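So this block is entry.cif, mmCIF, C-alpha atoms, pLDDT in the B column; chains and numbers go by the auth columns:
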```
data_upload
loop_
_atom_site.group_PDB
_atom_site.id
_atom_site.type_symbol
_atom_site.label_atom_id
_atom_site.label_comp_id
_atom_site.label_asym_id
_atom_site.label_seq_id
_atom_site.Cartn_x
_atom_site.Cartn_y
_atom_site.Cartn_z
_atom_site.B_iso_or_equiv
_atom_site.auth_seq_id
_atom_site.auth_asym_id
ATOM 1 C CA MET A 1 1.891 0.050 -7.965 76.00 72 A
ATOM 2 C CA THR A 2 4.958 2.286 -7.877 81.00 73 A
ATOM 3 C CA ARG A 3 7.181 -0.469 -9.236 80.00 74 A
ATOM 4 C CA VAL A 4 4.687 -1.333 -11.982 80.00 75 A
ATOM 5 C CA LYS A 5 4.500 2.327 -13.009 88.00 76 A
ATOM 6 C CA ASN A 6 8.304 2.591 -13.080 87.00 77 A
ATOM 7 C CA GLU A 7 8.581 -0.502 -15.291 86.00 78 A
ATOM 8 C CA LEU A 8 5.887 0.823 -17.611 89.00 79 A
ATOM 9 C CA LYS A 9 7.722 4.132 -17.896 94.00 80 A
ATOM 10 C CA LYS A 10 10.884 2.265 -18.901 91.00 81 A
ATOM 11 C CA CYS A 11 8.942 0.430 -21.623 90.00 82 A
ATOM 12 C CA ILE A 12 7.478 3.685 -22.957 94.00 83 A
ATOM 13 C CA ALA A 13 10.817 5.490 -22.927 95.00 84 A
ATOM 14 C CA ALA A 14 12.432 2.651 -24.889 93.00 85 A
ATOM 15 C CA LEU A 15 9.830 2.655 -27.678 92.00 86 A
ATOM 16 C CA ASP A 16 11.086 3.268 -31.199 93.00 87 A
ATOM 17 C CA PRO A 17 9.537 6.482 -32.592 93.00 88 A
ATOM 18 C CA LYS A 18 7.845 4.430 -35.340 93.00 89 A
ATOM 19 C CA THR A 19 6.242 1.997 -32.912 93.00 90 A
ATOM 20 C CA LYS A 20 2.505 2.323 -32.426 93.00 91 A
ATOM 21 C CA PHE A 21 1.300 1.844 -28.859 94.00 92 A
ATOM 22 C CA ASN A 22 -1.443 2.383 -26.322 94.00 93 A
ATOM 23 C CA ILE A 23 -1.854 1.896 -22.576 95.00 94 A
ATOM 24 C CA ILE A 24 -4.757 0.154 -20.900 94.00 95 A
ATOM 25 C CA ALA A 25 -4.887 0.854 -17.172 92.00 96 A
ATOM 26 C CA PHE A 26 -7.069 -1.488 -15.158 92.00 97 A
ATOM 27 C CA SER A 27 -8.304 -2.110 -11.675 90.00 98 A
ATOM 28 C CA THR A 28 -12.036 -2.348 -10.987 90.00 99 A
ATOM 29 C CA THR A 29 -12.479 -0.397 -14.221 91.00 100 A
ATOM 30 C CA VAL A 30 -10.590 -0.599 -17.505 93.00 101 A
ATOM 31 C CA LYS A 31 -9.269 2.724 -18.832 93.00 102 A
ATOM 32 C CA PRO A 32 -7.607 2.841 -22.239 94.00 103 A
ATOM 33 C CA TRP A 33 -5.364 5.879 -22.590 96.00 104 A
ATOM 34 C CA LYS A 34 -6.301 6.401 -26.262 95.00 105 A
ATOM 35 C CA PRO A 35 -9.088 4.888 -28.376 93.00 106 A
ATOM 36 C CA ASN A 36 -6.522 3.537 -30.889 92.00 107 A
ATOM 37 C CA LEU A 37 -2.811 2.919 -31.225 94.00 108 A
ATOM 38 C CA ILE A 38 -0.654 6.021 -31.684 95.00 109 A
ATOM 39 C CA VAL A 39 2.887 6.495 -32.972 95.00 110 A
ATOM 40 C CA GLY A 40 5.671 6.695 -30.380 94.00 111 A
ATOM 41 C CA THR A 41 6.764 10.261 -31.092 96.00 112 A
ATOM 42 C CA ALA A 42 8.556 12.136 -28.344 96.00 113 A
ATOM 43 C CA GLN A 43 5.389 14.183 -27.690 97.00 114 A
ATOM 44 C CA ASN A 44 3.174 11.096 -27.493 96.00 115 A
ATOM 45 C CA LYS A 45 5.616 9.361 -25.165 96.00 116 A
ATOM 46 C CA GLN A 46 5.625 12.420 -22.881 97.00 117 A
ATOM 47 C CA GLU A 47 1.817 12.366 -22.795 97.00 118 A
ATOM 48 C CA ALA A 48 1.882 8.627 -22.083 96.00 119 A
ATOM 49 C CA LEU A 49 4.298 9.142 -19.194 96.00 120 A
ATOM 50 C CA ALA A 50 1.964 11.812 -17.779 97.00 121 A
ATOM 51 C CA PHE A 51 -0.942 9.331 -18.068 95.00 122 A
ATOM 52 C CA VAL A 52 1.077 6.722 -16.173 94.00 123 A
ATOM 53 C CA ASP A 53 1.660 9.259 -13.391 94.00 124 A
ATOM 54 C CA THR A 54 -2.125 9.583 -12.949 92.00 125 A
ATOM 55 C CA MET A 55 -2.693 5.846 -12.599 90.00 126 A
ATOM 56 C CA THR A 56 -3.811 4.710 -9.146 83.00 127 A
ATOM 57 C CA HIS A 57 -4.634 1.417 -7.510 79.00 128 A
ATOM 58 C CA ASP A 58 -8.324 1.937 -6.940 78.00 129 A
ATOM 59 C CA GLY A 59 -9.954 -1.419 -6.539 81.00 130 A
ATOM 60 C CA TRP A 60 -9.678 -5.002 -7.666 87.00 131 A
ATOM 61 C CA THR A 61 -7.561 -6.444 -10.496 88.00 132 A
ATOM 62 C CA TYR A 62 -9.932 -6.964 -13.449 93.00 133 A
ATOM 63 C CA THR A 63 -7.335 -8.637 -15.640 94.00 134 A
ATOM 64 C CA ASP A 64 -9.931 -10.496 -17.710 95.00 135 A
ATOM 65 C CA ASP A 65 -11.672 -7.241 -18.684 95.00 136 A
ATOM 66 C CA ALA A 66 -8.324 -5.649 -19.569 95.00 137 A
ATOM 67 C CA PHE A 67 -7.549 -8.465 -22.029 96.00 138 A
ATOM 68 C CA LYS A 68 -11.044 -8.302 -23.517 96.00 139 A
ATOM 69 C CA THR A 69 -10.563 -4.566 -24.101 95.00 140 A
ATOM 70 C CA ALA A 70 -7.087 -5.078 -25.566 95.00 141 A
ATOM 71 C CA PHE A 71 -8.207 -7.707 -28.064 95.00 142 A
ATOM 72 C CA GLU A 72 -10.962 -5.405 -29.370 94.00 143 A
ATOM 73 C CA ASP A 73 -8.167 -3.510 -31.166 93.00 144 A
ATOM 74 C CA LYS A 74 -7.267 -5.449 -34.314 92.00 145 A
ATOM 75 C CA GLU A 75 -4.075 -3.502 -35.107 92.00 146 A
ATOM 76 C CA PHE A 76 -1.575 -4.404 -32.376 91.00 147 A
ATOM 77 C CA ASP A 77 0.878 -7.296 -32.531 92.00 148 A
ATOM 78 C CA THR A 78 2.508 -7.176 -29.080 92.00 149 A
ATOM 79 C CA ILE A 79 1.289 -6.766 -25.496 94.00 150 A
ATOM 80 C CA TYR A 80 3.429 -5.777 -22.529 92.00 151 A
ATOM 81 C CA PHE A 81 1.321 -6.829 -19.567 92.00 152 A
ATOM 82 C CA LEU A 82 2.309 -5.479 -16.153 89.00 153 A
ATOM 83 C CA SER A 83 0.391 -6.415 -13.033 85.00 154 A
ATOM 84 C CA ASP A 84 0.894 -6.204 -9.307 79.00 155 A
ATOM 85 C CA GLY A 85 -1.887 -8.561 -8.346 81.00 156 A
ATOM 86 C CA GLN A 86 -3.856 -11.737 -8.837 86.00 157 A
ATOM 87 C CA PRO A 87 -6.904 -11.391 -11.119 90.00 158 A
ATOM 88 C CA MET A 88 -9.770 -10.534 -8.814 88.00 159 A
ATOM 89 C CA LYS A 89 -13.369 -9.359 -9.112 89.00 160 A
ATOM 90 C CA THR A 90 -15.406 -7.486 -6.553 85.00 161 A
ATOM 91 C CA PRO A 91 -16.710 -9.860 -3.874 82.00 162 A
ATOM 92 C CA PRO A 92 -18.578 -12.126 -3.789 77.00 163 A
ATOM 93 C CA THR A 93 -17.107 -13.179 -7.167 84.00 164 A
ATOM 94 C CA GLY A 94 -13.541 -13.022 -5.884 88.00 165 A
ATOM 95 C CA ALA A 95 -10.554 -14.599 -7.611 89.00 166 A
ATOM 96 C CA VAL A 96 -10.622 -15.205 -11.348 92.00 167 A
ATOM 97 C CA PRO A 97 -8.749 -18.443 -12.125 93.00 168 A
ATOM 98 C CA ALA A 98 -5.646 -18.012 -14.279 94.00 169 A
ATOM 99 C CA GLU A 99 -6.969 -20.732 -16.567 96.00 170 A
ATOM 100 C CA THR A 100 -10.076 -18.651 -17.381 95.00 171 A
ATOM 101 C CA ILE A 101 -7.930 -15.795 -18.707 96.00 172 A
ATOM 102 C CA LEU A 102 -5.447 -18.102 -20.416 97.00 173 A
ATOM 103 C CA GLU A 103 -8.328 -19.803 -22.244 98.00 174 A
ATOM 104 C CA PHE A 104 -9.759 -16.455 -23.374 97.00 175 A
ATOM 105 C CA VAL A 105 -6.358 -15.366 -24.714 97.00 176 A
ATOM 106 C CA ARG A 106 -5.821 -18.729 -26.450 97.00 177 A
ATOM 107 C CA ASN A 107 -9.095 -18.268 -28.308 97.00 178 A
ATOM 108 C CA ALA A 108 -8.619 -14.558 -29.042 96.00 179 A
ATOM 109 C CA ASN A 109 -5.030 -15.093 -30.164 96.00 180 A
ATOM 110 C CA LYS A 110 -5.485 -18.315 -32.133 95.00 181 A
ATOM 111 C CA VAL A 111 -5.151 -16.616 -35.506 94.00 182 A
ATOM 112 C CA ARG A 112 -3.516 -13.297 -34.632 93.00 183 A
ATOM 113 C CA LYS A 113 -0.429 -14.667 -32.837 94.00 184 A
ATOM 114 C CA VAL A 114 0.051 -11.540 -30.701 95.00 185 A
ATOM 115 C CA LYS A 115 3.267 -11.715 -28.684 94.00 186 A
ATOM 116 C CA ILE A 116 2.666 -11.216 -24.945 95.00 187 A
ATOM 117 C CA ASN A 117 5.457 -10.181 -22.572 93.00 188 A
ATOM 118 C CA THR A 118 4.585 -10.109 -18.883 94.00 189 A
ATOM 119 C CA PHE A 119 5.995 -8.387 -15.816 90.00 190 A
ATOM 120 C CA GLY A 120 5.125 -9.212 -12.209 87.00 191 A
ATOM 121 C CA PHE A 121 6.289 -9.992 -8.695 83.00 192 A
ATOM 122 C CA ALA A 122 7.362 -13.620 -8.353 82.00 193 A
ATOM 123 C CA ASN A 123 8.401 -13.072 -4.741 81.00 194 A
ATOM 124 C CA ALA A 124 5.199 -11.326 -3.573 79.00 195 A
ATOM 125 C CA LYS A 125 3.614 -12.595 -0.395 78.00 196 A
ATOM 126 C CA ASN A 126 0.374 -14.544 -0.238 73.00 197 A
ATOM 127 C CA SER A 127 -2.512 -12.746 1.458 72.00 198 A
ATOM 128 C CA PRO A 128 -6.300 -13.171 1.604 69.00 199 A
ATOM 129 C CA ASN A 129 -6.550 -11.372 -1.765 74.00 200 A
ATOM 130 C CA MET A 130 -3.306 -12.626 -3.314 81.00 201 A
ATOM 131 C CA ASN A 131 -2.448 -16.162 -4.345 84.00 202 A
ATOM 132 C CA VAL A 132 1.042 -15.697 -5.757 85.00 203 A
ATOM 133 C CA GLN A 133 1.114 -19.147 -7.362 90.00 204 A
ATOM 134 C CA GLU A 134 -2.080 -18.378 -9.294 90.00 205 A
ATOM 135 C CA MET A 135 -0.745 -14.964 -10.342 91.00 206 A
ATOM 136 C CA MET A 136 2.514 -16.521 -11.559 92.00 207 A
ATOM 137 C CA LYS A 137 0.611 -19.274 -13.402 95.00 208 A
ATOM 138 C CA LEU A 138 -1.135 -16.514 -15.339 95.00 209 A
ATOM 139 C CA LEU A 139 1.895 -14.310 -16.003 95.00 210 A
ATOM 140 C CA LYS A 140 4.219 -17.150 -16.983 96.00 211 A
ATOM 141 C CA GLY A 141 1.452 -18.911 -18.922 97.00 212 A
ATOM 142 C CA LEU A 142 0.659 -15.803 -20.964 97.00 213 A
ATOM 143 C CA ALA A 143 4.315 -15.338 -21.853 97.00 214 A
ATOM 144 C CA ASP A 144 5.047 -19.027 -22.515 97.00 215 A
ATOM 145 C CA GLU A 145 1.952 -19.605 -24.652 97.00 216 A
ATOM 146 C CA ASN A 146 2.323 -16.386 -26.669 97.00 217 A
ATOM 147 C CA GLN A 147 5.995 -16.232 -27.724 96.00 218 A
ATOM 148 C CA GLY A 148 6.758 -13.759 -24.948 95.00 219 A
ATOM 149 C CA LYS A 149 8.981 -13.427 -21.938 96.00 220 A
ATOM 150 C CA PHE A 150 8.169 -13.114 -18.235 95.00 221 A
ATOM 151 C CA THR A 151 10.199 -10.514 -16.327 91.00 222 A
ATOM 152 C CA ASP A 152 10.279 -10.541 -12.548 90.00 223 A
ATOM 153 C CA ILE A 153 9.991 -7.116 -10.937 83.00 224 A
ATOM 154 C CA TYR A 154 11.795 -7.523 -7.650 73.00 225 A
ATOM 155 C CA TRP A 155 9.568 -6.722 -4.680 60.00 226 A
#
```
Written form, structure tokens:
Amino acid sequence: MTRVKNELKKCIAALDPKTKFNIIAFSTTVKPWKPNLIVGTAQNKQEALAFVDTMTHDGWTYTDDAFKTAFEDKEFDTIYFLSDGQPMKTPPTGAVPAETILEFVRNANKVRKVKINTFGFANAKNSPNMNVQEMMKLLKGLADENQGKFTDIYW
């Protein structure tokens, strides 16, 4: 989580002051920072950085719900998606297949053509709650299918 937060802070700091942005934190719950996009003024970026500092890893990785929340906003044209884990729901549901999320994004993005850049850990270790190949299928698939770029955050 620390590495994800650091990467997110770099993205926020690099925003052009005219860029509109928002942050959607997610784990077992999805928490948008603001109800709508806001302009990247110095003050707004400082508030965003403070929000990032409050983010904690407090449950499962509800990636599908995060994308559903994101696509409710009709104004944005780019997503920077950072994740430190495989999409997962509270047991007994368990892992959410990458293909399920990719299919949702294909349908939601068919007309809009939102660019999606992804960041994740290609060299993470498999565990009972982490299938790295499935996580990478999602992250690389999102970027490849949506004119974006995958960036590896070194573990």
Requested in this report: Decode the PyMOL selection byres ((chain A and resi 212) around 12) for the given file into explicit residues and return them as a list in words.
Outcome: Ala169, Glu170, Thr171, Ile172, Leu173, Glu174, Val176, Arg177, Ile187, Asn188, Thr189, Phe190, Gln204, Glu205, Met206, Met207, Lys208, Leu209, Leu210, Lys211, Leu213, Ala214, Asp215, Glu216, Asn217, Gln218, Gly219, Lys220 and Phe221 of chain A
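Between Thr140 (chain A) and the residues A:Thr222, A:Asn178, A:Thr73, A:Asn107, the shortest atom-to-atom distance, using only C-alpha atoms, involves A:Asn107.
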Query raised in the report: Which residues match the PyMOL selection byres ((chain A and resi 115-122) around 8) in the file above, as a ChimeraX atom specification?
Result: /A:80,83-84,94,104,109-114,123-126
Requested in this report: Quick one: everything within 10 Å of region 127-134 of chain A, counting all atoms listed in the file, minus sequence neighbours fewer than 5 positions away in the same chain. Send it as a list in words.
Outcome: Met72, Thr73, Lys76, Ala96, Phe97, Ser98, Thr99, Thr100, Val101, Lys139, Thr140, Phe152, Ser154, Asp155, Gly156, Gln157, Pro158, Met159, Lys160, Thr161, Pro162, Gly165, Ala166, Val167, Ala169, Ile172 and Asn200 of chain A
Those residues you just picked out, can you put them in a file as a short mmCIF file (atom, residue, chain, number, x, y, z; two decimals), keeping the file's coordinate frame with C-alpha atoms?
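Generated file (selection_38.cif):
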```cif
data_model
loop_
_atom_site.label_atom_id
_atom_site.label_comp_id
_atom_site.auth_asym_id
_atom_site.auth_seq_id
_atom_site.Cartn_x
_atom_site.Cartn_y
_atom_site.Cartn_z
CA MET A 72 1.89 0.05 -7.96
CA THR A 73 4.96 2.29 -7.88
CA LYS A 76 4.50 2.33 -13.01
CA ALA A 96 -4.89 0.85 -17.17
CA PHE A 97 -7.07 -1.49 -15.16
CA SER A 98 -8.30 -2.11 -11.68
CA THR A 99 -12.04 -2.35 -10.99
CA THR A 100 -12.48 -0.40 -14.22
CA VAL A 101 -10.59 -0.60 -17.50
CA LYS A 139 -11.04 -8.30 -23.52
CA THR A 140 -10.56 -4.57 -24.10
CA PHE A 152 1.32 -6.83 -19.57
CA SER A 154 0.39 -6.42 -13.03
CA ASP A 155 0.89 -6.20 -9.31
CA GLY A 156 -1.89 -8.56 -8.35
CA GLN A 157 -3.86 -11.74 -8.84
CA PRO A 158 -6.90 -11.39 -11.12
CA MET A 159 -9.77 -10.53 -8.81
CA LYS A 160 -13.37 -9.36 -9.11
CA THR A 161 -15.41 -7.49 -6.55
CA PRO A 162 -16.71 -9.86 -3.87
CA GLY A 165 -13.54 -13.02 -5.88
CA ALA A 166 -10.55 -14.60 -7.61
CA VAL A 167 -10.62 -15.20 -11.35
CA ALA A 169 -5.65 -18.01 -14.28
CA ILE A 172 -7.93 -15.80 -18.71
CA ASN A 200 -6.55 -11.37 -1.76
#
```
Report task. Place a sphere of radius 6 Å on (-5.4, -3.0, -22.6) in the file coordinates and name every protein, DNA or RNA residue with an atom inside or on its surface, counting all atoms listed in the file; give the answer as JSON, numbers by chain. Result -> {"A": [95, 137, 138, 140, 141]}
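Between CA of Thr149 (chain A) and CA of Leu86 (chain A) the separation is 12.3 Å.
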Report task. Record the distance separating CA of Asn202 (chain A) and CA of Val75 (chain A), expressed in Å with one decimal. Result ->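 Interatomic distance, CA of Asn202 (chain A) to CA of Val75 (chain A): 18.1 Å.
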